[in-house]
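Q: You'll find protein22.txt just under this line, and it carries compact mmCIF, C-alpha atoms.
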```txt
# COMPACT_ATOMS: atom_id res chain seq x y z
CA MET B 1 -16.06 -1.22 -0.64
CA ASP B 2 -18.06 -4.01 0.88
CA SER B 3 -20.22 -3.49 3.93
CA GLU B 4 -19.00 -4.70 7.28
CA GLY B 5 -18.71 -8.43 7.73
CA MET B 6 -19.75 -9.21 4.19
CA GLN B 7 -17.42 -11.66 2.52
CA LEU B 8 -16.19 -11.35 -0.99
CA HIS B 9 -14.58 -13.97 -3.09
CA LEU B 10 -11.76 -12.38 -5.02
CA SER B 11 -9.28 -13.52 -7.59
CA GLY B 12 -6.34 -11.40 -8.55
CA ILE B 13 -3.28 -11.64 -10.70
CA ILE B 14 0.33 -12.02 -9.61
CA LEU B 15 1.73 -8.59 -10.20
CA GLU B 16 5.30 -9.75 -10.77
CA GLU B 17 4.21 -11.93 -13.67
CA GLN B 18 2.47 -9.17 -15.63
CA THR B 19 4.31 -8.14 -18.78
CA GLU B 20 2.17 -5.64 -20.65
CA LEU B 21 2.01 -2.56 -18.44
CA THR B 22 1.88 0.78 -20.27
CA LEU B 23 3.50 3.97 -19.02
CA ALA B 24 0.10 5.06 -17.68
CA ASP B 25 -0.44 1.70 -15.92
CA ILE B 26 2.90 1.66 -14.17
CA SER B 27 2.74 5.28 -13.03
CA ARG B 28 -0.80 4.81 -11.72
CA THR B 29 0.12 1.63 -9.86
CA CYS B 30 3.24 3.18 -8.31
CA ALA B 31 1.35 6.43 -7.59
CA VAL B 32 3.97 8.56 -9.33
CA HIS B 33 3.83 10.97 -12.26
CA GLU B 34 4.66 9.61 -15.69
CA GLU B 35 7.60 12.02 -15.78
CA TYR B 36 9.20 10.12 -12.89
CA ILE B 37 8.98 6.82 -14.78
CA ILE B 38 10.47 8.51 -17.86
CA GLU B 39 13.36 9.77 -15.72
CA LEU B 40 13.94 6.22 -14.42
CA VAL B 41 14.05 4.92 -18.00
CA ASN B 42 16.46 7.70 -19.04
CA GLU B 43 18.71 6.87 -16.08
CA GLY B 44 18.71 3.21 -17.13
CA VAL B 45 16.95 2.02 -13.97
CA LEU B 46 14.06 0.64 -16.02
CA ALA B 47 14.44 -0.91 -19.46
CA PRO B 48 10.96 -1.37 -20.99
CA VAL B 49 10.32 -3.10 -24.29
CA GLY B 50 9.54 -0.65 -27.13
CA ARG B 51 11.20 2.48 -28.49
CA GLU B 52 8.85 5.37 -27.80
CA PRO B 53 7.13 6.20 -24.49
CA VAL B 54 3.73 5.48 -26.10
CA SER B 55 4.82 1.99 -27.10
CA TRP B 56 6.78 1.18 -23.91
CA ARG B 57 5.70 -1.99 -22.14
CA PHE B 58 6.77 -2.62 -18.54
CA SER B 59 6.71 -5.79 -16.44
CA GLY B 60 5.70 -6.41 -12.84
CA ALA B 61 9.40 -6.55 -11.94
CA HIS B 62 9.80 -3.00 -13.32
CA MET B 63 6.98 -1.89 -11.10
CA HIS B 64 8.75 -3.28 -8.06
CA ARG B 65 11.95 -1.52 -9.12
CA ALA B 66 10.18 1.80 -9.56
CA THR B 67 8.67 1.49 -6.08
CA VAL B 68 12.05 0.66 -4.55
CA SER B 69 13.63 3.64 -6.38
CA GLN B 70 11.01 5.93 -4.97
CA ARG B 71 11.50 4.62 -1.41
CA LEU B 72 15.30 4.88 -1.61
CA GLN B 73 15.09 8.48 -2.85
CA ARG B 74 12.63 9.44 -0.17
CA ASP B 75 14.21 7.62 2.78
CA LEU B 76 17.92 8.00 2.04
CA GLY B 77 17.96 11.41 0.38
CA ILE B 78 19.84 10.24 -2.71
CA ASN B 79 19.36 11.48 -6.26
CA LEU B 80 18.37 9.41 -9.26
CA ALA B 81 21.97 8.61 -10.26
CA GLY B 82 22.59 7.38 -6.70
CA VAL B 83 19.48 5.22 -6.84
CA ALA B 84 20.61 3.79 -10.17
CA LEU B 85 24.02 2.93 -8.69
CA ALA B 86 22.46 1.39 -5.54
CA LEU B 87 20.11 -0.79 -7.60
CA GLN B 88 22.91 -1.88 -9.90
CA LEU B 89 25.07 -2.89 -6.92
CA LEU B 90 22.12 -4.68 -5.30
CA ASP B 91 21.59 -6.62 -8.55
CA GLU B 92 25.25 -7.63 -8.54
CA ILE B 93 25.11 -8.70 -4.88
CA ASN B 94 22.01 -10.78 -5.57
CA ALA B 95 23.67 -12.41 -8.59
CA LEU B 96 26.73 -13.23 -6.45
CA ARG B 97 24.53 -14.67 -3.68
CA GLU B 98 22.77 -16.80 -6.27
CA SER B 99 26.05 -18.18 -7.64
CA ILE B 100 27.30 -18.91 -4.11
CA ARG B 101 24.07 -20.83 -3.54
CA VAL B 102 24.55 -22.81 -6.76
CA ILE B 103 28.16 -23.67 -5.81
CA GLU B 104 27.11 -24.71 -2.32
CA THR B 105 24.47 -27.13 -3.60
CA LYS B 106 26.89 -28.89 -5.91
CA MET H 107 3.75 1.53 27.53
CA GLU H 108 7.51 1.41 27.16
CA PHE H 109 9.62 4.52 27.21
CA LYS H 110 11.71 4.91 24.06
CA ASP H 111 15.15 6.47 24.27
CA TYR H 112 15.34 8.19 20.89
CA TYR H 113 18.91 9.37 21.49
CA LYS H 114 20.06 5.84 22.21
CA ILE H 115 18.26 4.50 19.13
CA MET H 116 20.04 7.10 16.99
CA GLY H 117 23.35 6.58 18.82
CA VAL H 118 23.81 10.29 19.51
CA ALA H 119 24.37 12.32 22.68
CA ARG H 120 21.49 14.27 24.19
CA ASP H 121 23.22 17.50 23.22
CA ALA H 122 23.86 16.41 19.62
CA THR H 123 23.51 19.15 17.02
CA GLN H 124 20.81 18.93 14.34
CA ASP H 125 23.57 18.17 11.82
CA GLU H 126 24.85 15.27 13.92
CA ILE H 127 21.34 13.89 14.15
CA LYS H 128 20.90 14.17 10.40
CA ARG H 129 24.21 12.34 9.82
CA ALA H 130 23.31 9.59 12.29
CA TYR H 131 19.92 9.15 10.64
CA ARG H 132 21.36 8.89 7.13
CA LEU H 133 23.89 6.30 8.28
CA LEU H 134 21.31 4.15 10.09
CA ALA H 135 18.71 4.56 7.34
CA ARG H 136 21.20 3.22 4.78
CA LYS H 137 22.16 0.37 7.10
CA TYR H 138 18.63 -0.78 7.89
CA HIS H 139 16.64 0.25 4.82
CA PRO H 140 14.48 -2.82 4.12
CA ASP H 141 15.12 -2.57 0.38
CA VAL H 142 18.88 -2.71 0.93
CA SER H 143 19.58 -4.51 4.18
CA LYS H 144 19.73 -8.26 4.60
CA GLU H 145 19.63 -8.00 8.39
CA ARG H 146 16.86 -10.02 9.97
CA ASP H 147 15.26 -7.22 11.96
CA ALA H 148 15.95 -4.52 9.35
CA GLU H 149 12.33 -3.51 8.99
CA SER H 150 11.65 -2.99 12.69
CA ARG H 151 14.99 -1.24 13.20
CA PHE H 152 14.29 1.03 10.24
CA LYS H 153 10.89 1.98 11.68
CA GLU H 154 12.42 2.64 15.09
CA VAL H 155 15.10 4.86 13.57
CA GLY H 156 12.47 6.64 11.45
CA GLU H 157 10.41 7.36 14.54
CA ALA H 158 13.42 8.62 16.50
CA ASN H 159 14.37 10.86 13.59
CA GLU H 160 10.82 12.15 13.30
CA VAL H 161 11.13 13.52 16.83
CA LEU H 162 14.78 14.58 16.97
CA LYS H 163 14.99 16.28 13.57
CA ASP H 164 12.14 18.60 14.48
CA PRO H 165 13.27 21.20 17.06
CA GLU H 166 9.73 21.55 18.42
CA LYS H 167 9.15 17.85 18.97
CA ARG H 168 12.69 17.42 20.25
CA ALA H 169 12.29 20.19 22.83
CA ALA H 170 9.04 18.62 24.02
CA TYR H 171 10.70 15.20 24.25
CA ASP H 172 13.68 16.64 26.15
CA LYS H 173 11.25 18.11 28.66
CA LEU H 174 10.46 14.55 29.82
CA GLY H 175 13.95 14.58 31.31
CA ALA H 176 17.02 12.43 31.00
CA ASN H 177 16.13 10.02 33.80
CA TRP H 178 13.95 7.75 31.73
CA LYS H 179 15.48 4.47 30.62
CA ALA H 180 14.53 2.60 27.44
CA GLY H 181 11.88 -0.03 28.14
CA GLN H 182 10.76 1.56 31.41
CA ASP H 183 6.98 1.69 31.94
CA PHE H 184 5.91 5.13 30.77
CA ARG H 185 2.91 7.41 31.34
CA PRO H 186 3.16 10.92 29.90
CA PRO H 187 2.99 13.55 32.66
CA PRO H 188 -0.40 15.31 32.47
CA ASP H 189 1.06 18.70 31.63
CA TRP H 190 4.05 17.54 29.64
CA ASN H 191 3.29 19.32 26.37
CA THR H 192 1.86 22.56 27.69
CA GLY H 193 3.48 25.58 26.18
CA PHE H 194 4.40 23.84 22.94
CA GLU H 195 2.70 24.51 19.71
CA PHE H 196 3.27 21.91 17.06
CA ALA H 197 3.32 23.23 13.56
CA GLY H 198 2.39 19.75 12.48
CA GLY H 199 4.27 19.81 9.22
CA GLY H 200 7.30 17.93 8.12
CA PHE H 201 6.09 14.39 8.39
CA ASN H 202 6.96 12.32 5.36
CA GLY H 203 7.49 8.87 6.77
CA GLY H 204 5.51 7.18 4.02
CA ASP H 205 5.66 3.42 4.42
CA SER H 206 7.20 3.65 7.85
CA ALA H 207 4.16 5.50 9.16
CA GLN H 208 3.39 2.93 11.85
CA PHE H 209 4.64 4.71 14.91
CA SER H 210 4.71 3.28 18.41
CA ASP H 211 2.13 3.82 21.16
CA PHE H 212 4.81 5.80 22.95
CA PHE H 213 5.08 8.23 20.03
CA GLU H 214 1.32 8.54 19.78
CA SER H 215 0.93 9.22 23.49
CA LEU H 216 3.27 12.18 23.11
CA TYR H 217 2.39 13.63 19.74
CA GLY H 218 -1.08 12.30 19.12
CA ARG H 219 -2.41 10.10 16.37
CA ASP H 220 -2.61 12.85 13.78
CA PHE H 221 1.15 12.90 13.39
CA SER H 222 1.39 9.21 12.84
CA GLN H 223 -1.20 9.05 10.10
CA ASN H 224 0.29 8.67 6.71
CA ASN H 225 -0.33 12.18 5.47
CA ASN H 226 2.16 11.82 2.70
CA GLY H 227 -0.36 13.77 0.66
CA ARG H 228 0.38 12.36 -2.77
CA THR H 229 -2.25 13.87 -5.01
CA ARG H 230 -4.06 11.13 -6.82
CA PHE H 231 -4.75 11.43 -10.50
CA HIS H 232 -8.34 11.93 -11.68
CA GLY H 233 -9.67 11.57 -8.15
CA ASN H 234 -9.05 7.83 -8.20
CA GLY H 235 -9.20 6.02 -4.87
CA LYS H 236 -5.97 5.21 -3.09
CA ASP H 237 -4.37 1.83 -3.53
CA HIS H 238 -4.19 -0.18 -0.35
CA HIS H 239 -1.37 -2.53 0.59
CA ALA H 240 -1.43 -5.38 3.06
CA ARG H 241 0.89 -8.22 3.92
CA VAL H 242 -0.68 -11.64 4.37
CA LEU H 243 0.61 -15.00 5.55
CA ILE H 244 -0.09 -18.21 3.65
CA ASP H 245 1.12 -21.76 4.02
CA LEU H 246 3.78 -23.11 1.70
CA GLU H 247 1.36 -25.87 0.66
CA ASP H 248 -1.01 -23.16 -0.73
CA ALA H 249 1.62 -22.20 -3.30
CA TYR H 250 1.92 -25.84 -4.43
CA LEU H 251 -1.76 -26.54 -4.86
CA GLY H 252 -3.44 -23.14 -5.05
CA ALA H 253 -6.05 -22.36 -2.41
CA ILE H 254 -8.79 -20.03 -1.26
CA ARG H 255 -7.83 -18.27 1.93
CA THR H 256 -9.68 -15.85 4.19
CA PHE H 257 -7.80 -12.81 5.41
CA THR H 258 -8.95 -10.29 7.98
CA LEU H 259 -7.51 -6.88 7.19
CA GLN H 260 -7.57 -3.69 9.21
CA VAL H 261 -8.80 -0.92 6.95
CA PRO H 262 -8.40 2.73 7.96
CA GLU H 263 -11.60 4.68 7.34
CA VAL H 264 -12.47 8.30 7.94
CA ASP H 265 -15.86 8.77 9.63
CA ALA H 266 -18.30 11.67 9.24
CA GLN H 267 -16.46 13.66 11.92
CA GLY H 268 -13.23 13.28 9.99
CA ARG H 269 -11.67 10.90 12.50
CA ALA H 270 -9.70 7.93 11.25
CA GLU H 271 -10.91 4.56 12.46
CA MET H 272 -9.75 1.03 11.86
CA ARG H 273 -12.40 -1.30 10.50
CA GLU H 274 -12.11 -5.04 10.03
CA ARG H 275 -12.66 -6.43 6.60
CA LYS H 276 -12.81 -10.09 5.65
CA LEU H 277 -11.75 -11.21 2.20
CA ASN H 278 -11.78 -14.59 0.54
CA VAL H 279 -8.92 -14.62 -1.91
CA THR H 280 -7.82 -17.18 -4.44
CA ILE H 281 -4.13 -17.91 -3.97
CA PRO H 282 -2.68 -18.67 -7.41
CA ARG H 283 -0.63 -21.84 -7.64
CA GLY H 284 3.08 -21.09 -7.92
CA ILE H 285 3.08 -17.80 -6.03
CA ARG H 286 6.30 -17.04 -4.16
CA GLY H 287 7.11 -15.10 -1.03
CA GLY H 288 7.52 -11.39 -1.73
CA GLN H 289 5.20 -11.43 -4.74
CA HIS H 290 2.03 -9.38 -4.82
CA ILE H 291 -1.55 -10.26 -5.70
CA ARG H 292 -3.35 -7.32 -7.24
CA LEU H 293 -7.08 -7.14 -6.56
CA ALA H 294 -8.44 -4.53 -8.93
CA GLY H 295 -10.92 -2.06 -7.47
CA GLN H 296 -10.56 -3.30 -3.88
CA GLY H 297 -8.67 -0.28 -2.54
CA ALA H 298 -10.26 2.95 -1.35
CA SER H 299 -13.27 4.33 -3.23
CA GLY H 300 -12.64 7.07 -5.77
CA PHE H 301 -13.85 10.65 -5.66
CA GLY H 302 -16.48 11.77 -8.14
CA GLN H 303 -15.96 9.89 -11.38
CA GLY H 304 -12.68 8.45 -10.16
CA LYS H 305 -12.15 4.71 -10.07
CA ALA H 306 -11.61 2.80 -6.84
CA GLY H 307 -8.00 2.03 -6.00
CA ASP H 308 -6.54 -1.46 -6.02
CA LEU H 309 -5.63 -3.69 -3.13
CA TYR H 310 -2.18 -5.28 -3.17
CA LEU H 311 -1.54 -8.32 -1.04
CA GLU H 312 2.11 -9.04 -0.39
CA ILE H 313 2.59 -12.75 0.11
CA GLU H 314 4.69 -14.09 2.93
CA PHE H 315 5.00 -17.76 3.86
CA ARG H 316 4.17 -18.71 7.40
CA PRO H 317 7.36 -20.20 8.84
CA HIS H 318 7.18 -23.96 8.44
CA SER H 319 8.32 -26.37 11.12
CA PHE H 320 10.61 -28.21 8.70
CA TYR H 321 10.64 -26.67 5.21
CA ARG H 322 12.70 -23.60 4.28
CA VAL H 323 12.02 -21.60 1.14
CA GLU H 324 14.59 -19.76 -0.95
CA GLN H 325 13.16 -18.08 -4.04
CA HIS H 326 11.32 -20.99 -5.64
CA ASP H 327 13.46 -23.76 -4.13
CA VAL H 328 12.42 -25.61 -0.99
CA TYR H 329 14.85 -27.13 1.52
CA LEU H 330 14.33 -29.83 4.12
CA ASP H 331 16.79 -30.98 6.78
CA PHE H 332 16.51 -34.75 6.39
CA PRO H 333 17.72 -36.97 9.25
CA VAL H 334 19.33 -40.27 8.23
CA ALA H 335 20.88 -43.13 10.20
CA PRO H 336 24.63 -43.78 9.73
CA TRP H 337 24.02 -47.13 8.05
CA GLU H 338 21.58 -45.52 5.58
CA VAL H 339 24.34 -43.29 4.20
CA ALA H 340 27.08 -45.89 4.53
CA LEU H 341 25.20 -48.64 2.74
CA GLY H 342 22.78 -46.60 0.66
CA ALA H 343 19.01 -46.73 1.08
CA THR H 344 15.70 -45.77 -0.49
CA LEU H 345 13.71 -43.63 1.93
CA ASN H 346 10.40 -41.79 2.04
CA VAL H 347 10.79 -38.01 2.12
CA PRO H 348 7.91 -35.62 2.79
CA THR H 349 7.41 -32.74 0.33
CA PRO H 350 4.67 -30.09 0.42
CA ASN H 351 2.72 -32.02 -2.23
CA GLY H 352 3.14 -35.50 -0.87
CA VAL H 353 5.63 -38.17 0.16
CA VAL H 354 8.13 -39.27 -2.48
CA GLU H 355 10.89 -41.87 -2.52
CA ILE H 356 14.47 -40.72 -2.55
CA LYS H 357 17.56 -42.83 -3.11
CA ILE H 358 20.42 -42.14 -0.71
CA PRO H 359 23.64 -42.84 -2.61
CA VAL H 360 26.36 -44.91 -0.95
CA GLY H 361 28.92 -42.61 0.62
CA ALA H 362 26.65 -39.57 1.10
CA THR H 363 27.64 -37.50 4.13
CA SER H 364 26.12 -35.05 6.54
CA GLY H 365 25.31 -31.87 4.59
CA SER H 366 24.96 -33.64 1.22
CA LYS H 367 22.10 -32.06 -0.72
CA LEU H 368 19.91 -34.41 -2.68
CA ARG H 369 17.91 -32.65 -5.34
CA LEU H 370 14.41 -33.55 -6.44
CA LYS H 371 14.20 -31.64 -9.69
CA GLY H 372 11.06 -29.64 -10.29
CA ARG H 373 9.55 -30.41 -6.88
CA GLY H 374 10.01 -26.90 -5.51
CA ILE H 375 7.36 -24.22 -5.91
CA PRO H 376 5.55 -24.91 -9.21
CA SER H 377 5.59 -22.52 -12.17
CA SER H 378 6.55 -22.62 -15.85
CA THR H 379 10.12 -23.12 -14.58
CA PRO H 380 9.44 -24.88 -11.28
CA GLY H 381 11.87 -24.71 -8.39
CA ASP H 382 13.71 -27.71 -6.97
CA PHE H 383 13.35 -29.54 -3.69
CA TYR H 384 16.49 -30.28 -1.68
CA ALA H 385 16.81 -32.85 1.08
CA VAL H 386 19.85 -31.84 3.16
CA LEU H 387 21.18 -34.91 4.92
CA LYS H 388 21.75 -34.73 8.68
CA ILE H 389 23.23 -37.86 10.19
CA ALA H 390 21.37 -38.84 13.35
CA LEU H 391 23.15 -41.13 15.82
CA PRO H 392 21.43 -43.63 18.09
CA LEU H 393 22.51 -43.33 21.73
CA ALA H 394 24.45 -46.20 23.32
CA GLU H 395 21.74 -46.75 25.90
CA ASN H 396 22.29 -50.40 26.78
CA ASP H 397 25.07 -52.98 26.79
CA ALA H 398 24.20 -54.39 23.38
CA ALA H 399 24.30 -50.89 21.82
CA LYS H 400 27.57 -50.08 23.60
CA ALA H 401 29.04 -53.30 22.22
CA VAL H 402 28.12 -52.19 18.69
CA TYR H 403 29.92 -48.86 19.14
CA ARG H 404 32.98 -50.59 20.70
CA ASN H 405 33.05 -52.98 17.81
CA MET H 406 32.88 -50.02 15.37
CA SER H 407 35.80 -48.30 17.03
CA GLU H 408 37.78 -51.56 16.69
CA GLN H 409 36.79 -51.97 13.04
CA PHE H 410 37.47 -48.34 12.03
CA LYS H 411 40.93 -47.88 13.58
CA SER H 412 42.13 -46.11 10.43
CA PHE H 413 39.21 -43.66 10.41
CA LYS H 414 40.62 -40.21 11.24
CA PRO H 415 37.67 -37.78 11.36
CA ARG H 416 39.89 -34.88 12.45
CA SER H 417 42.80 -35.44 10.07
CA LYS H 418 42.11 -32.14 8.28
CA LEU H 419 42.51 -30.30 11.58
CA GLY H 420 46.06 -31.61 12.01
CA VAL H 421 45.34 -33.41 15.30
```
How does the structure come out when it is put into structure tokens?

A:
Amino acid sequence: MDSEGMQLHLSGIILEEQTELTLADISRTCAVHEEYIIELVNEGVLAPVGREPVSWRFSGAHMHRATVSQRLQRDLGINLAGVALALQLLDEINALRESIRVIETK
Amino acid sequence: MEFKDYYKIMGVARDATQDEIKRAYRLLARKYHPDVSKERDAESRFKEVGEANEVLKDPEKRAAYDKLGANWKAGQDFRPPPDWNTGFEFAGGGFNGGDSAQFSDFFESLYGRDFSQNNNGRTRFHGNGKDHHARVLIDLEDAYLGAIRTFTLQVPEVDAQGRAEMRERKLNVTIPRGIRGGQHIRLAGQGASGFGQGKAGDLYLEIEFRPHSFYRVEQHDVYLDFPVAPWEVALGATLNVPTPNGVVEIKIPVGATSGSKLRLKGRGIPSSTPGDFYAVLKIALPLAENDAAKAVYRNMSEQFKSFKPRSKLGV
């Protein structure tokens, strides 16, 4: 870390636009065990590109989803199937909101 | 410091059972969870409920809180009585608030700072430093043009005596063009230092747009309420409209009405598929402030005898 008052000039990347995260990357970034990510994939919450865990590639959006899953489980005391259902319903609500918005702007 | 009525926040009676408290918490947590709720104040309500639950779910903390007595009202100026927590021994366990770990001054005055630290205790792999998260405000214009912005962040640090302290840290950060609210910038290696051979954690900046006096942002589209005079919509006009990357001309079609949305394609937040810019027409009426103006309005009412603005209402 920098010393007090010293200014750094930093450039980062937009997380949501990353597309090539490995299983190790995503679990490190979300601070969860790889097993948790594998469970999320098995439950259908995350759908990475690639067939085997070693070749899976996740996106920034998957990372956000994994973080939300973790928070919902922790804060609402629901199991993985419940999280999967909640996320699916939230996706549908967001899609409906989006189509309402499109209709309203016509 | 304001007194907080944890029973009122949870909507339970002072003699509620632990099961009733648990049920109330689950219900409110689902209602206000920031990942689920669309309510405006969801985040602050969720934190408040989390704090109330932290106290009421734990029989030790609850008993200590009850000892303050039932006469306190929410919002009342509060000083903890000097001997209020004598005779209680806090086991100190059971806190798992995670992200909602920012408890109020009121909570800290009763239970101390140690409880409100995020001691979620996730074991980090390979001794790597923790990732840090911070939310920062930028201007909408920064997302159009890209920018370098300076942020001052409060960083928790543990000193040699093991006490946590907040330290200010200034960062100059490049804001990538096309970033949207809710997205995160990842600054590799800018989180907490690692242990031993472990790598430093990363710093994640969550982007939020500072509310703008006239633009509204939805996803990557930008909206502007655009005032027009009645004759400009009735007769059509070409007008200057401000956008975050400069003034452009817009053609008001004849017969547009209040609420009509005129789209400027691709002039929303830029990206490979840029958003759109919408001017939402709001008809502004000049006041009839003098005789000449009154005459114009009287003349209009003569000329538009067949105009029935309320015909759809059946009156």

Q: Taking only C-alpha atoms into account, produce a table as a Markdown table in which each residue of chain H with an atom at most 8 Å from an atom of chain B appears once, together with its shortest atom pair and the distance in Å to one decimal, ordered by chain and rising number.

A:
```
| residue | atom | partner | partner_atom | distance |
| --- | --- | --- | --- | --- |
| H:Arg132 | CA | B:Leu76 | CA | 6.2 |
| H:Ala135 | CA | B:Leu76 | CA | 6.4 |
| H:Arg136 | CA | B:Leu76 | CA | 6.4 |
| H:Asp141 | CA | B:Val68 | CA | 6.6 |
| H:Val142 | CA | B:Leu90 | CA | 7.3 |
| H:Gly203 | CA | B:Asp75 | CA | 7.9 |
| H:Arg228 | CA | B:Ala31 | CA | 7.7 |
| H:Arg230 | CA | B:Ala31 | CA | 7.2 |
| H:Phe231 | CA | B:Arg28 | CA | 7.8 |
| H:Asp237 | CA | B:Thr29 | CA | 7.8 |
| H:Glu274 | CA | B:Glu4 | CA | 7.4 |
| H:Arg275 | CA | B:Gly5 | CA | 6.5 |
| H:Lys276 | CA | B:Gln7 | CA | 5.8 |
| H:Leu277 | CA | B:Leu8 | CA | 5.5 |
| H:Asn278 | CA | B:His9 | CA | 4.6 |
| H:Val279 | CA | B:Leu10 | CA | 4.8 |
| H:Thr280 | CA | B:Ser11 | CA | 5.0 |
| H:Ile281 | CA | B:Ser11 | CA | 7.7 |
| H:Pro282 | CA | B:Ile14 | CA | 7.6 |
| H:Ile285 | CA | B:Ile14 | CA | 7.3 |
| H:Gln289 | CA | B:Glu16 | CA | 6.3 |
| H:His290 | CA | B:Leu15 | CA | 5.4 |
| H:Ile291 | CA | B:Ile14 | CA | 4.7 |
| H:Arg292 | CA | B:Gly12 | CA | 5.2 |
| H:Leu293 | CA | B:Gly12 | CA | 4.8 |
| H:Ala294 | CA | B:Gly12 | CA | 7.2 |
| H:Gln296 | CA | B:Met1 | CA | 6.7 |
| H:Gly297 | CA | B:Met1 | CA | 7.7 |
| H:Ala298 | CA | B:Met1 | CA | 7.2 |
| H:Ser299 | CA | B:Met1 | CA | 6.7 |
| H:Lys367 | CA | B:Thr105 | CA | 6.2 |
```

Q: Mind writing the picked residues with C-alpha atoms as a PDB file, in the frame of the given file?

A:
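For reference, out_15.pdb as written:
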```
ATOM      1  CA  ARG H 132      21.360   8.890   7.130  1.00  0.00           C
ATOM      2  CA  ALA H 135      18.710   4.560   7.340  1.00  0.00           C
ATOM      3  CA  ARG H 136      21.200   3.220   4.780  1.00  0.00           C
ATOM      4  CA  ASP H 141      15.120  -2.570   0.380  1.00  0.00           C
ATOM      5  CA  VAL H 142      18.880  -2.710   0.930  1.00  0.00           C
ATOM      6  CA  GLY H 203       7.490   8.870   6.770  1.00  0.00           C
ATOM      7  CA  ARG H 228       0.380  12.360  -2.770  1.00  0.00           C
ATOM      8  CA  ARG H 230      -4.060  11.130  -6.820  1.00  0.00           C
ATOM      9  CA  PHE H 231      -4.750  11.430 -10.500  1.00  0.00           C
ATOM     10  CA  ASP H 237      -4.370   1.830  -3.530  1.00  0.00           C
ATOM     11  CA  GLU H 274     -12.110  -5.040  10.030  1.00  0.00           C
ATOM     12  CA  ARG H 275     -12.660  -6.430   6.600  1.00  0.00           C
ATOM     13  CA  LYS H 276     -12.810 -10.090   5.650  1.00  0.00           C
ATOM     14  CA  LEU H 277     -11.750 -11.210   2.200  1.00  0.00           C
ATOM     15  CA  ASN H 278     -11.780 -14.590   0.540  1.00  0.00           C
ATOM     16  CA  VAL H 279      -8.920 -14.620  -1.910  1.00  0.00           C
ATOM     17  CA  THR H 280      -7.820 -17.180  -4.440  1.00  0.00           C
ATOM     18  CA  ILE H 281      -4.130 -17.910  -3.970  1.00  0.00           C
ATOM     19  CA  PRO H 282      -2.680 -18.670  -7.410  1.00  0.00           C
ATOM     20  CA  ILE H 285       3.080 -17.800  -6.030  1.00  0.00           C
ATOM     21  CA  GLN H 289       5.200 -11.430  -4.740  1.00  0.00           C
ATOM     22  CA  HIS H 290       2.030  -9.380  -4.820  1.00  0.00           C
ATOM     23  CA  ILE H 291      -1.550 -10.260  -5.700  1.00  0.00           C
ATOM     24  CA  ARG H 292      -3.350  -7.320  -7.240  1.00  0.00           C
ATOM     25  CA  LEU H 293      -7.080  -7.140  -6.560  1.00  0.00           C
ATOM     26  CA  ALA H 294      -8.440  -4.530  -8.930  1.00  0.00           C
ATOM     27  CA  GLN H 296     -10.560  -3.300  -3.880  1.00  0.00           C
ATOM     28  CA  GLY H 297      -8.670  -0.280  -2.540  1.00  0.00           C
ATOM     29  CA  ALA H 298     -10.260   2.950  -1.350  1.00  0.00           C
ATOM     30  CA  SER H 299     -13.270   4.330  -3.230  1.00  0.00           C
ATOM     31  CA  LYS H 367      22.100 -32.060  -0.720  1.00  0.00           C
TER      32      LYS H 367
END
```

Q: Report the distance between CA of Phe410 (chain H) and CA of Glu395 (chain H) in Å, rounded to one decimal place.

A: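 Value for the CA of Phe410 (chain H)-CA of Glu395 (chain H) distance: 21.0 Å.
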
Q: Please, which residues are within 12 Å of (20.7, 2.8, 22.3) by the file's coordinates, counting all atoms listed in the file, and could they come as a ChimeraX atom specification?

A: /H:110-120,151,154-155,158,179-181

Q: If we count all atoms listed in the file and set the cut-off at 12 Å, which residues sit around Glu39 (chain B), ignoring sequence neighbours fewer than 3 positions away in its own chain? Please answer as a PyMOL selection string.

A: chain B and resi 23+27+32-36+42-47+53+66+69-70+79-81+83-84

Q: Quick one: residues within 10 Å of Pro165 (chain H), only C-alpha atoms counted, chain neighbours fewer than 5 positions away excluded, as a list in words?

A: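 Skipping anything fewer than 5 positions along the chain leaves Gln124, Ala170 and Tyr171 of chain H.
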
Q: Could you give me, as a list in words, the residues within 7 Å of region 344-359 of chain H, counting only C-alpha atoms and dropping anything in the same chain fewer than 4 positions from it?

A: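 Neighbouring residues, sequence-local ones excluded: Glu247, Tyr250 and Val339 of chain H.
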
Q: With C-alpha atoms retained, could you export that selection as a PDB file, in the coordinates of the input?

A:
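Below you can see part_3.pdb, which holds the result:
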```pdb
ATOM      1  CA  GLU H 247       1.360 -25.870   0.660  1.00  0.00           C
ATOM      2  CA  TYR H 250       1.920 -25.840  -4.430  1.00  0.00           C
ATOM      3  CA  VAL H 339      24.340 -43.290   4.200  1.00  0.00           C
TER       4      VAL H 339
END
```
